[in-house]
>>> print(open('coords_24.tsv').read())   # TSV, C-alpha atoms
chain	number	residue	atom	x	y	z
H	15	MET	CA	-9.06	-2.32	11.61
H	16	THR	CA	-8.63	-5.90	12.76
H	17	ASN	CA	-5.41	-7.89	12.51
H	18	GLU	CA	-7.00	-9.88	9.68
H	19	HIS	CA	-7.80	-6.68	7.77
H	20	ARG	CA	-4.24	-5.47	8.31
H	21	ARG	CA	-2.86	-8.79	7.06
H	22	ARG	CA	-5.05	-8.73	3.94
H	23	CYS	CA	-4.10	-5.13	3.15
H	24	ARG	CA	-0.38	-5.89	3.56
H	25	ALA	CA	-0.74	-8.90	1.26
H	26	ALA	CA	-2.56	-6.82	-1.36
H	27	LEU	CA	0.11	-4.14	-1.23
H	28	TRP	CA	2.91	-6.67	-1.52
H	29	HIS	CA	1.25	-8.54	-4.40
H	30	TRP	CA	0.02	-5.39	-6.18
H	31	GLN	CA	1.55	-6.21	-9.56
H	32	LEU	CA	0.27	-9.77	-9.46
H	33	ILE	CA	-3.23	-8.57	-8.56
H	34	GLU	CA	-3.25	-6.27	-11.58
H	35	ARG	CA	-2.09	-9.05	-13.93
H	36	GLN	CA	-4.47	-11.81	-12.80
H	37	PRO	CA	-8.05	-10.90	-13.63
H	38	SER	CA	-10.76	-11.97	-11.23
H	39	PRO	CA	-13.64	-10.10	-9.62
H	40	GLU	CA	-11.83	-9.93	-6.27
H	41	ASN	CA	-8.54	-8.84	-7.85
H	42	ALA	CA	-10.36	-6.14	-9.80
H	43	CYS	CA	-11.73	-4.76	-6.53
H	44	TRP	CA	-8.31	-4.89	-4.85
H	45	ALA	CA	-6.72	-3.22	-7.87
H	46	GLN	CA	-9.29	-0.45	-7.68
H	47	ALA	CA	-8.66	0.06	-3.95
H	48	LEU	CA	-4.90	0.10	-4.52
H	49	ARG	CA	-5.20	2.65	-7.36
H	50	GLN	CA	-7.43	4.87	-5.22
H	51	THR	CA	-4.94	4.73	-2.35
H	52	ALA	CA	-2.04	5.57	-4.67
H	53	ALA	CA	-3.96	8.44	-6.29
H	54	TYR	CA	-4.90	9.90	-2.92
H	55	TYR	CA	-1.32	9.92	-1.66
H	56	HIS	CA	0.06	11.08	-4.98
H	57	ARG	CA	-2.09	14.21	-4.62
H	58	HIS	CA	-1.71	14.75	-0.87
H	59	ASP	CA	1.47	13.21	0.57
H	60	PRO	CA	4.72	12.62	-1.31
H	61	ILE	CA	6.27	10.57	1.53
H	62	ARG	CA	3.48	8.02	1.56
H	63	ALA	CA	3.32	8.03	-2.24
H	64	GLY	CA	7.06	7.32	-2.24
H	65	ILE	CA	6.63	4.41	0.15
H	66	LEU	CA	3.89	2.96	-2.05
H	67	GLU	CA	6.11	3.19	-5.11
H	68	GLN	CA	9.44	2.15	-3.60
H	69	ARG	CA	8.35	-0.51	-1.12
H	70	TYR	CA	5.29	-2.05	-2.71
H	71	ARG	CA	5.79	-1.56	-6.44
H	72	ARG	CA	9.58	-1.83	-6.64
H	73	HIS	CA	9.99	-4.09	-3.55
H	74	LEU	CA	12.92	-2.19	-2.05
H	75	THR	CA	13.80	-2.96	1.56
H	76	GLU	CA	12.55	-0.72	4.34
H	77	GLU	CA	16.07	0.60	4.82
H	78	GLN	CA	16.45	1.42	1.12
H	79	VAL	CA	13.09	3.24	1.11
H	80	GLN	CA	14.05	5.24	4.18
H	81	ALA	CA	17.36	6.23	2.60
H	82	GLN	CA	15.78	7.22	-0.73
H	83	LEU	CA	13.03	9.26	0.92
H	84	HIS	CA	15.37	10.69	3.60
H	85	ILE	CA	13.11	9.63	6.45
H	86	GLY	CA	13.70	7.82	9.72
H	87	ARG	CA	12.33	4.51	10.89
H	88	THR	CA	9.60	6.08	13.05
H	89	THR	CA	8.35	8.22	10.15
H	90	TYR	CA	8.40	5.17	7.89
H	91	GLN	CA	6.44	3.05	10.37
H	92	LYS	CA	3.80	5.75	10.94
H	93	ALA	CA	3.42	6.38	7.21
H	94	ASN	CA	3.16	2.65	6.50
H	95	ALA	CA	0.44	2.28	9.14
H	96	ASP	CA	-1.43	5.18	7.52
H	97	LEU	CA	-1.16	3.46	4.13
H	98	LEU	CA	-2.71	0.29	5.51
H	99	SER	CA	-5.57	2.25	7.08
H	100	THR	CA	-6.28	4.17	3.90
H	101	LEU	CA	-6.20	1.02	1.81
H	102	ALA	CA	-8.56	-0.63	4.32
H	103	VAL	CA	-11.07	2.18	3.83
H	104	TYR	CA	-11.01	1.85	0.04
H	105	ALA	CA	-11.06	-1.96	0.27
H	106	ALA	CA	-14.10	-1.81	2.56
H	107	ARG	CA	-15.85	0.43	0.02
H	108	GLU	CA	-15.19	-2.27	-2.57
H	109	GLY	CA	-16.71	-4.90	-0.26
H	110	LEU	CA	-13.41	-6.66	0.41
H	111	LEU	CA	-13.23	-6.17	4.18
>>> encode(input="coords_24.tsv", output="structure tokens")
Amino acid sequence: MTNEHRRRCRAALWHWQLIERQPSPENACWAQALRQTAAYYHRHDPIRAGILEQRYRRHLTEEQVQAQLHIGRTTYQKANADLLSTLAVYAAREGLL
């Protein structure tokens, strides 16, 4: 994943609710990739699912997310990097990256 891909995935995560509310072909593809990422982690990893919900849907701070999920900074950073990679895969399947 390039730095540009990482930047675009972070932006999509951060603007998730806006992407879902503003219809466009590109936003529809991002929304699909975001939903697929959330569904995957909801089934397979509660920590990463929690980060998706708390950080990117509710916009809590990193520290608040870590406290709510009872995880440390290193775990948070690794999980967040995994989220970006997973989203990049789904976004690439949608032709976004």
>>> closest_residue(input="coords_24.tsv", among="H:Thr51, H:Arg107, H:Tyr90, H:Leu98", to="Thr16 of chain H", atoms="all atoms listed in the file")
H:Leu98
>>> closest_residue(input="coords_24.tsv", among="H:Leu97, H:Ala42, H:Ala53, H:Ala25", to="Ile65 of chain H", atoms="all atoms listed in the file")
H:Leu97
>>> residues_around(input="coords_24.tsv", residues="segment 29-38 of chain H", least_positions_apart="2", cutoff="10 Å", atoms="all atoms listed in the file", output="list in words")
Cys23, Arg24, Ala25, Ala26, Leu27, Glu40, Asn41, Ala42, Cys43, Trp44, Ala45, Gln46, Leu48, Arg49, Tyr70, Arg71, Arg72 and His73 of chain H
>>> atom_distance(input="coords_24.tsv", atom1="atom CA of Ala95 of chain H", atom2="atom CA of Arg62 of chain H")
10.0 Å
>>> axis_aligned_box(input="coords_24.tsv", around="segment 87-91 of chain H", padding_each_side="4 Å", output="JSON")
{"center_x": 9.4, "center_y": 5.6, "center_z": 10.5, "size_x": 13.9, "size_y": 13.2, "size_z": 13.2}
>>> closest_residue(input="coords_24.tsv", among="H:Ser99, H:Gln50, H:Thr88, H:Gln80", to="Gly64 of chain H", atoms="all atoms listed in the file")
H:Gln80
>>> atom_distance(input="coords_24.tsv", atom1="atom CA of Ala93 of chain H", atom2="atom CA of Ile61 of chain H")
7.6 Å
>>> atom_distance(input="coords_24.tsv", atom1="atom CA of Leu74 of chain H", atom2="atom CA of Arg87 of chain H")
14.6 Å
>>> closest_residue(input="coords_24.tsv", among="H:Gln68, H:Gln91, H:Gln78, H:Thr100", to="Trp28 of chain H", atoms="only C-alpha atoms")
H:Gln68
>>> decode(input="coords_24.tsv", residues="segment 26-50 of chain H", atoms="N, CA, C and O atoms", output="PDB file, in the first residue's frame")
ATOM      1  N   ALA H  26     -11.374   8.163   3.939  1.00  0.00           N
ATOM      2  CA  ALA H  26     -12.662   7.480   3.795  1.00  0.00           C
ATOM      3  C   ALA H  26     -13.185   7.032   5.157  1.00  0.00           C
ATOM      4  O   ALA H  26     -14.372   7.195   5.455  1.00  0.00           O
ATOM      5  N   LEU H  27     -12.302   6.481   5.979  1.00  0.00           N
ATOM      6  CA  LEU H  27     -12.732   6.065   7.315  1.00  0.00           C
ATOM      7  C   LEU H  27     -13.247   7.264   8.119  1.00  0.00           C
ATOM      8  O   LEU H  27     -14.296   7.189   8.756  1.00  0.00           O
ATOM      9  N   TRP H  28     -12.497   8.344   8.078  1.00  0.00           N
ATOM     10  CA  TRP H  28     -12.860   9.509   8.878  1.00  0.00           C
ATOM     11  C   TRP H  28     -14.169  10.144   8.399  1.00  0.00           C
ATOM     12  O   TRP H  28     -14.962  10.632   9.186  1.00  0.00           O
ATOM     13  N   HIS H  29     -14.412  10.118   7.099  1.00  0.00           N
ATOM     14  CA  HIS H  29     -15.604  10.744   6.524  1.00  0.00           C
ATOM     15  C   HIS H  29     -16.701   9.726   6.198  1.00  0.00           C
ATOM     16  O   HIS H  29     -17.574   9.994   5.373  1.00  0.00           O
ATOM     17  N   TRP H  30     -16.674   8.590   6.846  1.00  0.00           N
ATOM     18  CA  TRP H  30     -17.582   7.480   6.583  1.00  0.00           C
ATOM     19  C   TRP H  30     -19.040   7.916   6.514  1.00  0.00           C
ATOM     20  O   TRP H  30     -19.755   7.637   5.560  1.00  0.00           O
ATOM     21  N   GLN H  31     -19.495   8.632   7.527  1.00  0.00           N
ATOM     22  CA  GLN H  31     -20.911   9.031   7.562  1.00  0.00           C
ATOM     23  C   GLN H  31     -21.249   9.984   6.420  1.00  0.00           C
ATOM     24  O   GLN H  31     -22.320   9.890   5.823  1.00  0.00           O
ATOM     25  N   LEU H  32     -20.348  10.863   6.098  1.00  0.00           N
ATOM     26  CA  LEU H  32     -20.558  11.790   4.987  1.00  0.00           C
ATOM     27  C   LEU H  32     -20.615  11.035   3.657  1.00  0.00           C
ATOM     28  O   LEU H  32     -21.459  11.320   2.805  1.00  0.00           O
ATOM     29  N   ILE H  33     -19.748  10.068   3.488  1.00  0.00           N
ATOM     30  CA  ILE H  33     -19.726   9.248   2.272  1.00  0.00           C
ATOM     31  C   ILE H  33     -21.060   8.538   2.086  1.00  0.00           C
ATOM     32  O   ILE H  33     -21.588   8.465   0.977  1.00  0.00           O
ATOM     33  N   GLU H  34     -21.624   8.023   3.167  1.00  0.00           N
ATOM     34  CA  GLU H  34     -22.900   7.316   3.073  1.00  0.00           C
ATOM     35  C   GLU H  34     -24.072   8.250   2.766  1.00  0.00           C
ATOM     36  O   GLU H  34     -25.059   7.829   2.187  1.00  0.00           O
ATOM     37  N   ARG H  35     -23.959   9.518   3.163  1.00  0.00           N
ATOM     38  CA  ARG H  35     -25.062  10.465   2.963  1.00  0.00           C
ATOM     39  C   ARG H  35     -25.027  11.182   1.625  1.00  0.00           C
ATOM     40  O   ARG H  35     -26.045  11.717   1.192  1.00  0.00           O
ATOM     41  N   GLN H  36     -23.862  11.250   0.986  1.00  0.00           N
ATOM     42  CA  GLN H  36     -23.738  11.988  -0.271  1.00  0.00           C
ATOM     43  C   GLN H  36     -23.585  11.017  -1.433  1.00  0.00           C
ATOM     44  O   GLN H  36     -22.493  10.502  -1.674  1.00  0.00           O
ATOM     45  N   PRO H  37     -24.670  10.770  -2.153  1.00  0.00           N
ATOM     46  CA  PRO H  37     -24.610   9.783  -3.232  1.00  0.00           C
ATOM     47  C   PRO H  37     -23.774  10.259  -4.417  1.00  0.00           C
ATOM     48  O   PRO H  37     -23.900  11.391  -4.866  1.00  0.00           O
ATOM     49  N   SER H  38     -22.901   9.387  -4.834  1.00  0.00           N
ATOM     50  CA  SER H  38     -22.131   9.551  -6.065  1.00  0.00           C
ATOM     51  C   SER H  38     -21.579   8.167  -6.379  1.00  0.00           C
ATOM     52  O   SER H  38     -21.502   7.320  -5.489  1.00  0.00           O
ATOM     53  N   PRO H  39     -21.188   7.922  -7.603  1.00  0.00           N
ATOM     54  CA  PRO H  39     -20.640   6.597  -7.920  1.00  0.00           C
ATOM     55  C   PRO H  39     -19.408   6.250  -7.071  1.00  0.00           C
ATOM     56  O   PRO H  39     -19.286   5.141  -6.571  1.00  0.00           O
ATOM     57  N   GLU H  40     -18.518   7.218  -6.891  1.00  0.00           N
ATOM     58  CA  GLU H  40     -17.314   6.957  -6.091  1.00  0.00           C
ATOM     59  C   GLU H  40     -17.682   6.716  -4.624  1.00  0.00           C
ATOM     60  O   GLU H  40     -17.166   5.795  -3.993  1.00  0.00           O
ATOM     61  N   ASN H  41     -18.563   7.543  -4.084  1.00  0.00           N
ATOM     62  CA  ASN H  41     -18.976   7.355  -2.692  1.00  0.00           C
ATOM     63  C   ASN H  41     -19.670   6.014  -2.484  1.00  0.00           C
ATOM     64  O   ASN H  41     -19.511   5.381  -1.440  1.00  0.00           O
ATOM     65  N   ALA H  42     -20.432   5.580  -3.461  1.00  0.00           N
ATOM     66  CA  ALA H  42     -21.096   4.275  -3.353  1.00  0.00           C
ATOM     67  C   ALA H  42     -20.056   3.157  -3.264  1.00  0.00           C
ATOM     68  O   ALA H  42     -20.218   2.214  -2.480  1.00  0.00           O
ATOM     69  N   CYS H  43     -18.981   3.279  -4.025  1.00  0.00           N
ATOM     70  CA  CYS H  43     -17.916   2.276  -3.969  1.00  0.00           C
ATOM     71  C   CYS H  43     -17.180   2.321  -2.629  1.00  0.00           C
ATOM     72  O   CYS H  43     -16.895   1.277  -2.029  1.00  0.00           O
ATOM     73  N   TRP H  44     -16.895   3.532  -2.143  1.00  0.00           N
ATOM     74  CA  TRP H  44     -16.248   3.650  -0.827  1.00  0.00           C
ATOM     75  C   TRP H  44     -17.164   3.110   0.264  1.00  0.00           C
ATOM     76  O   TRP H  44     -16.704   2.407   1.172  1.00  0.00           O
ATOM     77  N   ALA H  45     -18.437   3.419   0.192  1.00  0.00           N
ATOM     78  CA  ALA H  45     -19.380   2.928   1.199  1.00  0.00           C
ATOM     79  C   ALA H  45     -19.410   1.406   1.207  1.00  0.00           C
ATOM     80  O   ALA H  45     -19.440   0.775   2.273  1.00  0.00           O
ATOM     81  N   GLN H  46     -19.382   0.812   0.026  1.00  0.00           N
ATOM     82  CA  GLN H  46     -19.368  -0.647  -0.066  1.00  0.00           C
ATOM     83  C   GLN H  46     -18.093  -1.214   0.562  1.00  0.00           C
ATOM     84  O   GLN H  46     -18.138  -2.183   1.325  1.00  0.00           O
ATOM     85  N   ALA H  47     -16.951  -0.626   0.265  1.00  0.00           N
ATOM     86  CA  ALA H  47     -15.681  -1.089   0.827  1.00  0.00           C
ATOM     87  C   ALA H  47     -15.668  -0.934   2.351  1.00  0.00           C
ATOM     88  O   ALA H  47     -15.196  -1.814   3.076  1.00  0.00           O
ATOM     89  N   LEU H  48     -16.210   0.174   2.842  1.00  0.00           N
ATOM     90  CA  LEU H  48     -16.278   0.397   4.285  1.00  0.00           C
ATOM     91  C   LEU H  48     -17.193  -0.622   4.963  1.00  0.00           C
ATOM     92  O   LEU H  48     -16.859  -1.171   6.013  1.00  0.00           O
ATOM     93  N   ARG H  49     -18.342  -0.890   4.357  1.00  0.00           N
ATOM     94  CA  ARG H  49     -19.272  -1.886   4.919  1.00  0.00           C
ATOM     95  C   ARG H  49     -18.647  -3.281   4.934  1.00  0.00           C
ATOM     96  O   ARG H  49     -18.808  -4.031   5.899  1.00  0.00           O
ATOM     97  N   GLN H  50     -17.932  -3.625   3.864  1.00  0.00           N
ATOM     98  CA  GLN H  50     -17.280  -4.928   3.817  1.00  0.00           C
ATOM     99  C   GLN H  50     -16.210  -5.053   4.900  1.00  0.00           C
ATOM    100  O   GLN H  50     -16.086  -6.096   5.543  1.00  0.00           O
TER     101      GLN H  50
END
